[in-house]
>>> print(open('start_7.csv').read())   # CSV, C-alpha atoms and all ligand atoms
chain,number,residue,atom,x,y,z
M,15,MET,CA,22.2,-68.4,18.2
M,16,TYR,CA,25.1,-69.6,16.1
M,17,SER,CA,25.4,-73.2,15.0
M,18,GLU,CA,28.5,-75.0,16.3
M,19,LYS,CA,30.0,-74.9,12.9
M,20,LYS,CA,29.5,-71.1,12.4
M,21,LEU,CA,30.8,-70.5,16.0
M,22,GLN,CA,34.0,-72.3,15.3
M,23,GLU,CA,34.4,-70.4,12.0
M,24,LEU,CA,34.0,-67.1,13.8
M,25,LYS,CA,36.4,-68.1,16.6
M,26,GLU,CA,38.9,-69.2,14.0
M,27,LEU,CA,38.6,-65.8,12.3
M,28,ALA,CA,39.0,-64.0,15.6
M,29,LYS,CA,42.1,-66.0,16.4
M,30,ASN,CA,43.6,-65.3,13.0
M,31,ILE,CA,42.8,-61.5,13.3
M,32,ARG,CA,44.8,-61.6,16.6
M,33,ILE,CA,47.7,-63.5,14.9
M,34,GLN,CA,47.8,-61.2,11.9
M,35,SER,CA,47.7,-58.1,14.1
M,36,LEU,CA,50.6,-59.5,16.1
M,37,GLU,CA,52.5,-60.0,12.9
M,38,GLN,CA,52.0,-56.3,12.1
M,39,PHE,CA,53.1,-55.2,15.5
M,40,ALA,CA,56.1,-57.5,15.5
M,41,SER,CA,57.2,-56.2,12.1
M,42,ARG,CA,57.1,-52.6,13.3
M,43,GLY,CA,58.3,-53.5,16.9
M,44,PHE,CA,55.5,-51.6,18.7
M,45,GLY,CA,52.0,-50.4,18.4
M,46,HIS,CA,48.5,-49.9,19.8
M,47,LEU,CA,48.0,-53.5,20.9
M,48,GLY,CA,45.5,-53.2,23.7
M,49,GLY,CA,42.8,-51.4,21.9
M,50,ALA,CA,43.2,-53.4,18.8
M,51,MET,CA,42.7,-56.7,20.7
M,52,SER,CA,39.5,-55.6,22.5
M,53,ILE,CA,37.5,-55.2,19.3
M,54,VAL,CA,38.6,-58.4,17.6
M,55,GLU,CA,35.3,-60.3,18.2
M,56,ILE,CA,33.3,-57.3,17.0
M,57,LEU,CA,35.3,-57.3,13.8
M,58,ALA,CA,34.9,-61.0,13.3
M,59,ALA,CA,31.2,-60.9,13.9
M,60,LEU,CA,30.9,-58.1,11.4
M,61,TYR,CA,33.2,-59.2,8.6
M,62,GLY,CA,32.6,-62.9,9.2
M,63,ASP,CA,28.8,-62.8,9.4
M,64,GLN,CA,26.8,-59.6,9.8
M,65,MET,CA,28.2,-57.2,7.3
M,66,ARG,CA,27.3,-57.0,3.7
M,67,HIS,CA,30.5,-56.5,1.8
M,68,ASP,CA,32.5,-57.8,-1.1
M,69,PRO,CA,36.3,-58.0,-0.9
M,70,LYS,CA,36.5,-58.1,-4.7
M,71,ASN,CA,34.6,-54.9,-4.9
M,72,PRO,CA,35.6,-52.7,-1.9
M,73,HIS,CA,33.7,-49.7,-3.4
M,74,TRP,CA,30.4,-51.6,-4.0
M,75,GLU,CA,27.7,-49.0,-3.6
M,76,ASP,CA,25.3,-51.3,-1.7
M,77,ARG,CA,27.9,-52.4,0.9
M,78,ASP,CA,27.6,-51.8,4.6
M,79,ARG,CA,30.2,-49.5,5.9
M,80,LEU,CA,32.6,-49.9,8.9
M,81,VAL,CA,34.1,-46.8,10.5
M,82,CYS,CA,36.7,-47.6,13.1
M,83,SER,CA,36.6,-44.3,14.9
M,84,LYS,CA,39.2,-45.4,17.3
M,85,GLY,CA,41.6,-45.4,14.3
M,86,HIS,CA,44.6,-46.5,16.4
M,87,ALA,CA,43.1,-50.0,16.3
M,88,GLY,CA,43.8,-50.0,12.5
M,89,PRO,CA,45.9,-53.2,12.7
M,90,SER,CA,43.1,-55.4,13.7
M,91,VAL,CA,40.8,-54.0,11.0
M,92,TYR,CA,43.6,-54.5,8.5
M,93,ALA,CA,44.0,-58.1,9.7
M,94,ALA,CA,40.2,-58.7,9.3
M,95,LEU,CA,40.3,-57.2,5.8
M,96,ALA,CA,43.2,-59.2,4.7
M,97,LEU,CA,41.7,-62.4,6.0
M,98,CYS,CA,38.6,-61.7,4.1
M,99,GLY,CA,40.6,-61.2,0.9
M,100,TYR,CA,40.9,-57.5,0.5
M,101,MET,CA,44.7,-57.7,0.3
M,102,PRO,CA,47.4,-60.3,0.6
M,103,LEU,CA,48.5,-61.4,4.1
M,104,SER,CA,52.1,-60.4,3.0
M,105,GLU,CA,51.1,-56.8,3.5
M,106,MET,CA,50.9,-57.4,7.2
M,107,LYS,CA,54.7,-57.0,7.4
M,108,THR,CA,54.5,-53.4,6.2
M,109,LEU,CA,52.6,-51.7,9.0
M,110,ASN,CA,53.5,-48.1,9.2
M,111,GLN,CA,56.6,-48.3,7.1
M,112,GLU,CA,57.6,-46.2,4.1
M,113,GLY,CA,55.2,-46.6,1.2
M,114,THR,CA,52.9,-48.9,3.1
M,115,ASN,CA,49.1,-49.4,2.5
M,116,LEU,CA,48.8,-49.9,6.2
M,117,PRO,CA,49.4,-46.7,8.2
M,118,SER,CA,49.2,-47.0,12.0
M,119,HIS,CA,45.8,-45.3,11.9
M,120,CYS,CA,43.0,-46.1,9.3
M,121,ASP,CA,43.3,-44.2,6.0
M,122,MET,CA,40.6,-44.6,3.3
M,123,HIS,CA,43.0,-43.4,0.6
M,124,ARG,CA,45.6,-46.1,1.4
M,125,THR,CA,43.8,-49.3,2.3
M,126,PRO,CA,41.2,-51.3,0.3
M,127,GLY,CA,38.2,-51.8,2.5
M,128,ILE,CA,38.7,-48.8,4.8
M,129,ASP,CA,35.7,-46.6,4.4
M,130,VAL,CA,36.7,-43.5,6.4
M,131,THR,CA,40.0,-42.1,7.6
M,132,THR,CA,40.2,-41.9,11.4
M,133,GLY,CA,42.8,-41.4,14.1
M,134,SER,CA,41.8,-38.0,15.6
M,135,LEU,CA,39.5,-39.3,18.2
M,136,GLY,CA,35.9,-38.1,18.4
M,137,GLN,CA,35.2,-37.5,14.7
M,138,GLY,CA,34.2,-41.0,13.4
M,139,LEU,CA,30.6,-41.0,14.7
M,140,SER,CA,29.8,-37.6,13.1
M,141,VAL,CA,31.2,-38.9,9.7
M,142,SER,CA,29.3,-42.2,10.2
M,143,SER,CA,26.1,-40.4,10.9
M,144,GLY,CA,26.5,-38.3,7.7
M,145,VAL,CA,27.3,-41.3,5.6
M,146,ALA,CA,24.3,-43.2,7.0
M,147,TYR,CA,22.0,-40.3,6.4
M,148,GLY,CA,23.3,-40.0,2.9
M,149,LEU,CA,22.6,-43.6,2.2
M,150,LYS,CA,19.0,-43.2,3.6
M,151,VAL,CA,18.4,-40.2,1.4
M,152,GLN,CA,19.6,-42.3,-1.6
M,153,GLY,CA,17.1,-45.0,-0.6
M,154,LYS,CA,19.8,-47.6,0.1
M,155,ASP,CA,19.3,-50.1,2.9
M,156,SER,CA,23.0,-50.3,3.8
M,157,LYS,CA,24.1,-50.0,7.4
M,158,VAL,CA,26.9,-48.0,8.9
M,159,PHE,CA,28.8,-49.6,11.8
M,160,CYS,CA,31.0,-47.3,13.8
M,161,ILE,CA,33.3,-48.5,16.6
M,162,VAL,CA,34.2,-45.9,19.2
M,163,GLY,CA,36.4,-46.2,22.3
M,164,ASP,CA,35.0,-45.5,25.8
M,165,GLY,CA,37.8,-43.0,26.4
M,166,GLU,CA,37.0,-41.5,23.0
M,167,LEU,CA,33.5,-40.7,24.3
M,168,GLN,CA,35.0,-38.0,26.4
M,169,GLU,CA,35.2,-36.0,23.2
M,170,GLY,CA,32.2,-33.7,23.0
M,171,GLN,CA,31.7,-34.1,19.3
M,172,ASN,CA,30.3,-37.6,19.9
M,173,TRP,CA,27.4,-36.2,21.8
M,174,GLU,CA,26.6,-33.6,19.2
M,175,ALA,CA,26.6,-36.5,16.7
M,176,MET,CA,24.4,-38.6,18.9
M,177,MET,CA,21.9,-35.8,19.4
M,178,ASN,CA,21.6,-35.1,15.7
M,179,ALA,CA,21.5,-38.8,14.7
M,180,ALA,CA,18.5,-39.3,17.0
M,181,HIS,CA,16.9,-36.2,15.8
M,182,LYS,CA,17.2,-37.3,12.2
M,183,LYS,CA,16.1,-40.9,13.1
M,184,ILE,CA,19.2,-42.3,11.4
M,185,ASP,CA,18.3,-45.9,12.2
M,186,ASN,CA,20.8,-47.4,9.8
M,187,LEU,CA,23.6,-46.2,12.1
M,188,ILE,CA,24.9,-48.7,14.6
M,189,MET,CA,27.6,-47.6,17.1
M,190,PHE,CA,29.7,-50.1,19.0
M,191,VAL,CA,31.2,-48.8,22.2
M,192,ASP,CA,34.3,-50.7,23.0
M,193,TYR,CA,33.7,-50.5,26.8
M,194,ASN,CA,37.1,-51.9,27.9
M,195,GLN,CA,37.2,-49.2,30.7
M,196,MET,CA,40.7,-48.2,29.9
M,197,GLN,CA,42.2,-45.4,27.8
M,198,LEU,CA,45.8,-44.3,27.0
M,199,ASP,CA,46.7,-43.1,30.5
M,200,GLY,CA,44.6,-45.3,32.8
M,201,PRO,CA,41.1,-46.3,33.7
M,202,VAL,CA,38.4,-44.2,32.0
M,203,ALA,CA,36.6,-43.8,35.3
M,204,GLN,CA,39.6,-42.1,36.9
M,205,VAL,CA,40.6,-40.0,33.9
M,206,ASP,CA,37.2,-38.5,33.1
M,207,ASN,CA,34.3,-40.8,34.1
M,208,ILE,CA,31.7,-41.5,31.4
M,209,ALA,CA,29.4,-43.6,33.6
M,210,ASP,CA,26.5,-44.4,33.4
M,211,ILE,CA,27.2,-44.7,29.7
M,212,ASN,CA,24.1,-46.7,28.7
M,213,ALA,CA,21.7,-44.3,30.4
M,214,LYS,CA,23.5,-41.3,28.8
M,215,ILE,CA,23.3,-42.6,25.3
M,216,ALA,CA,19.6,-43.6,25.8
M,217,ALA,CA,18.9,-40.1,27.1
M,218,PHE,CA,20.1,-38.8,23.7
M,219,GLY,CA,17.3,-40.8,22.1
M,220,TRP,CA,19.2,-43.9,21.0
M,221,ASN,CA,18.2,-47.5,21.2
M,222,VAL,CA,20.8,-49.1,23.6
M,223,ILE,CA,21.8,-52.7,23.8
M,224,ASP,CA,24.2,-53.9,26.5
M,225,VAL,CA,26.5,-56.8,25.6
M,226,ALA,CA,27.8,-58.2,28.8
M,227,ASP,CA,30.6,-60.1,27.1
M,228,GLY,CA,31.9,-58.3,24.0
M,229,HIS,CA,34.0,-61.4,23.2
M,230,ASP,CA,31.0,-63.7,23.0
M,231,PHE,CA,29.7,-64.3,19.5
M,232,ASP,CA,26.2,-65.4,20.4
M,233,GLN,CA,25.7,-62.2,22.4
M,234,LEU,CA,27.3,-60.0,19.7
M,235,GLY,CA,25.3,-61.7,16.9
M,236,GLU,CA,22.0,-61.3,18.7
M,237,ALA,CA,22.7,-57.7,19.5
M,238,ILE,CA,23.8,-56.8,15.9
M,239,ALA,CA,20.7,-58.6,14.4
M,240,ALA,CA,18.5,-56.7,16.8
M,241,ALA,CA,20.2,-53.4,16.0
M,242,LYS,CA,19.8,-54.0,12.2
M,243,SER,CA,16.1,-54.6,12.5
M,244,HIS,CA,15.4,-51.7,14.9
M,245,THR,CA,13.7,-48.7,13.3
M,246,GLY,CA,13.1,-45.1,14.3
M,247,SER,CA,16.4,-44.4,16.1
M,248,PRO,CA,20.1,-45.2,15.9
M,249,THR,CA,21.4,-48.1,18.0
M,250,ALA,CA,24.3,-48.2,20.4
M,251,ILE,CA,25.8,-51.6,21.3
M,252,VAL,CA,27.8,-51.2,24.4
M,253,CYS,CA,30.3,-54.1,24.5
M,254,HIS,CA,32.0,-55.0,27.8
M,255,THR,CA,35.5,-56.0,26.6
M,256,LEU,CA,39.0,-56.5,27.9
M,257,LYS,CA,41.8,-54.4,26.6
M,258,GLY,CA,44.6,-56.6,25.3
M,259,LYS,CA,42.2,-59.6,25.2
M,260,GLY,CA,43.7,-62.9,23.9
M,261,VAL,CA,47.4,-61.9,24.1
M,262,VAL,CA,48.8,-63.8,27.1
M,263,TRP,CA,51.3,-61.2,28.2
M,264,ALA,CA,49.1,-58.2,27.3
M,265,GLU,CA,46.0,-58.7,29.5
M,266,THR,CA,47.5,-56.2,32.0
M,267,GLU,CA,46.8,-52.7,33.0
M,268,TRP,CA,49.4,-51.0,30.7
M,269,ASN,CA,49.0,-52.3,27.2
M,270,HIS,CA,47.9,-49.2,25.2
M,271,HIS,CA,51.0,-48.6,23.0
M,272,ILE,CA,53.7,-51.1,23.7
M,273,ASP,CA,56.8,-52.8,22.4
M,274,VAL,CA,56.2,-56.1,20.6
M,275,THR,CA,59.3,-58.1,19.9
M,276,ARG,CA,59.3,-61.0,17.5
M,277,GLU,CA,59.8,-63.4,20.4
M,278,ALA,CA,56.9,-61.9,22.3
M,279,ALA,CA,54.6,-62.1,19.3
M,280,ASP,CA,55.7,-65.8,18.8
M,281,GLU,CA,54.8,-66.6,22.4
M,282,ALA,CA,51.4,-65.0,22.0
M,283,ILE,CA,50.7,-66.7,18.7
M,284,ALA,CA,51.7,-70.1,20.1
M,285,ALA,CA,49.3,-69.6,23.0
M,286,LEU,CA,46.5,-68.6,20.6
M,287,ASN,CA,47.2,-71.8,18.6
M,288,ALA,CA,47.4,-74.0,21.6
Z,301,LIG,C1,41.8,-36.1,19.4
Z,301,LIG,C2,42.8,-37.1,19.9
Z,301,LIG,N1,43.4,-36.9,21.1
Z,301,LIG,C3,44.3,-37.8,21.6
Z,301,LIG,C4,44.7,-38.9,20.8
Z,301,LIG,C5,45.7,-39.8,21.3
Z,301,LIG,N2,45.1,-41.1,21.7
Z,301,LIG,C6,45.2,-42.2,21.0
Z,301,LIG,S1,44.4,-43.5,21.6
Z,301,LIG,C7,43.9,-42.6,23.0
Z,301,LIG,C8,43.1,-43.3,24.1
Z,301,LIG,C9,41.7,-43.6,23.6
Z,301,LIG,O1,41.1,-44.3,24.6
Z,301,LIG,P1,39.9,-45.3,24.1
Z,301,LIG,O2,39.0,-44.6,23.2
Z,301,LIG,O3,39.3,-45.9,25.3
Z,301,LIG,O4,40.6,-46.4,23.3
Z,301,LIG,P2,41.2,-47.8,23.7
Z,301,LIG,O5,41.6,-47.7,25.2
Z,301,LIG,O6,40.1,-48.8,23.6
Z,301,LIG,O7,42.4,-48.1,22.8
Z,301,LIG,C10,44.4,-41.3,22.9
Z,301,LIG,C11,44.2,-40.3,24.0
Z,301,LIG,C12,44.0,-39.0,19.5
Z,301,LIG,N3,44.3,-40.1,18.8
Z,301,LIG,N4,43.1,-38.1,19.1
>>> encode(input="start_7.csv", output="structure tokens")
Amino acid sequence: MYSEKKLQELKELAKNIRIQSLEQFASRGFGHLGGAMSIVEILAALYGDQMRHDPKNPHWEDRDRLVCSKGHAGPSVYAALALCGYMPLSEMKTLNQEGTNLPSHCDMHRTPGIDVTTGSLGQGLSVSSGVAYGLKVQGKDSKVFCIVGDGELQEGQNWEAMMNAAHKKIDNLIMFVDYNQMQLDGPVAQVDNIADINAKIAAFGWNVIDVADGHDFDQLGEAIAAAKSHTGSPTAIVCHTLKGKGVVWAETEWNHHIDVTREAADEAIAALNA
């Protein structure tokens, strides 16, 4: 789908989102690395191509919205925003420190470009649905993209939101499921199994698109384009991803919230640049 030139541009953006996320974790010494890395290509596809937004005007009324419901992945969202020009890259060194604009979890009152405060899992889809409905009522054609974790889907509020969004035909709402199959304390299937997730979401009246490789831009781009043109129901894009993706020493089973030394970050950045 993408031209070679655009593909390279998106890959470069994804690489730099990883690098700038690592800079944040290294400056703080630790963080939610695994779940930040699994959504990098989703963020790059959105901010680098599919989303209507203006870094010079973060509150532009006609923008699309992004709600990172898995708010602990804030650092990769901040990196994407900074790389698009919402803030200087120098802010990356302030993650979760006194007076920062970059708290560990997303905060709409602190960070330019963050549309909704998140961190308490399970709430972002309800808020996204309300925002999307409000936009429709106002006659706007803006989309609301919401990224939820697969472990997060164990929270019952998601299913209430899904039921209502289908009932109200909120078709400008697009949910990404970051289906990395891991959560804080182990495999989702062992902690509280959500399978068969596609069938469950479809049973709630949603259009469901399965993306076999959530790190592949062609697959993501096609899915997002299809979701944007779909009418009559909200769409879920279930992205099969890898927690810790792209960080050489983090593509392991235990990478949820980990120490990140300067040396470890440098090693990962060198591998990304190689
Ligand atoms: C309501 C609530 N309970 C618990 C937590 C602590 N917590 C933070 S991340 C996380 C795991 C979430 O798993 P998943 O949604 O799969 O995210 P990912 O593994 O992709 O990072 C938990 C339990 C929280 N932030 N909010």
>>> closest_residue(input="start_7.csv", among="M:Ala278, M:Met177, M:Ile251, M:Val225", to="Leu36 (chain M)", atoms="all atoms listed in the file")
M:Ala278
>>> residues_near_ligand(input="start_7.csv", ligand="ligand LIG 301 (chain Z)", cutoff="9 Å", atoms="only C-alpha atoms and all ligand atoms", output="VMD selection string")
chain M and resid 46 to 53 83 to 87 119 132 to 137 162 to 169 191 to 202 256 to 257 269 to 271
>>> residues_around(input="start_7.csv", residues="region 145-152 of chain M", least_positions_apart="4", cutoff="9 Å", atoms="only C-alpha atoms", output="NGL selection string")
:M and (79 or 140-141 or 156-158 or 179 or 182-187)
>>> closest_residue(input="start_7.csv", among="M:Val205, M:Leu116, M:Val261, M:Ile188", to="His244 (chain M)", atoms="only C-alpha atoms")
M:Ile188
>>> closest_residue(input="start_7.csv", among="M:Cys82, M:Ala279, M:Ile272, M:Cys253", to="Gln38 (chain M)", atoms="all atoms listed in the file")
M:Ala279
>>> closest_residue(input="start_7.csv", among="M:Gly99, M:Pro69, M:Gly43, M:Pro248", to="Cys160 (chain M)", atoms="all atoms listed in the file")
M:Pro248
>>> closest_residue(input="start_7.csv", among="M:His229, M:Arg42, M:His181, M:His67", to="Glu112 (chain M)", atoms="all atoms listed in the file")
M:Arg42
>>> residues_around(input="start_7.csv", residues="Leu103 (chain M)", least_positions_apart="3", cutoff="10 Å", atoms="only C-alpha atoms", output="number ranges by chain")
M: 34, 37, 92-93, 95-100, 106-107
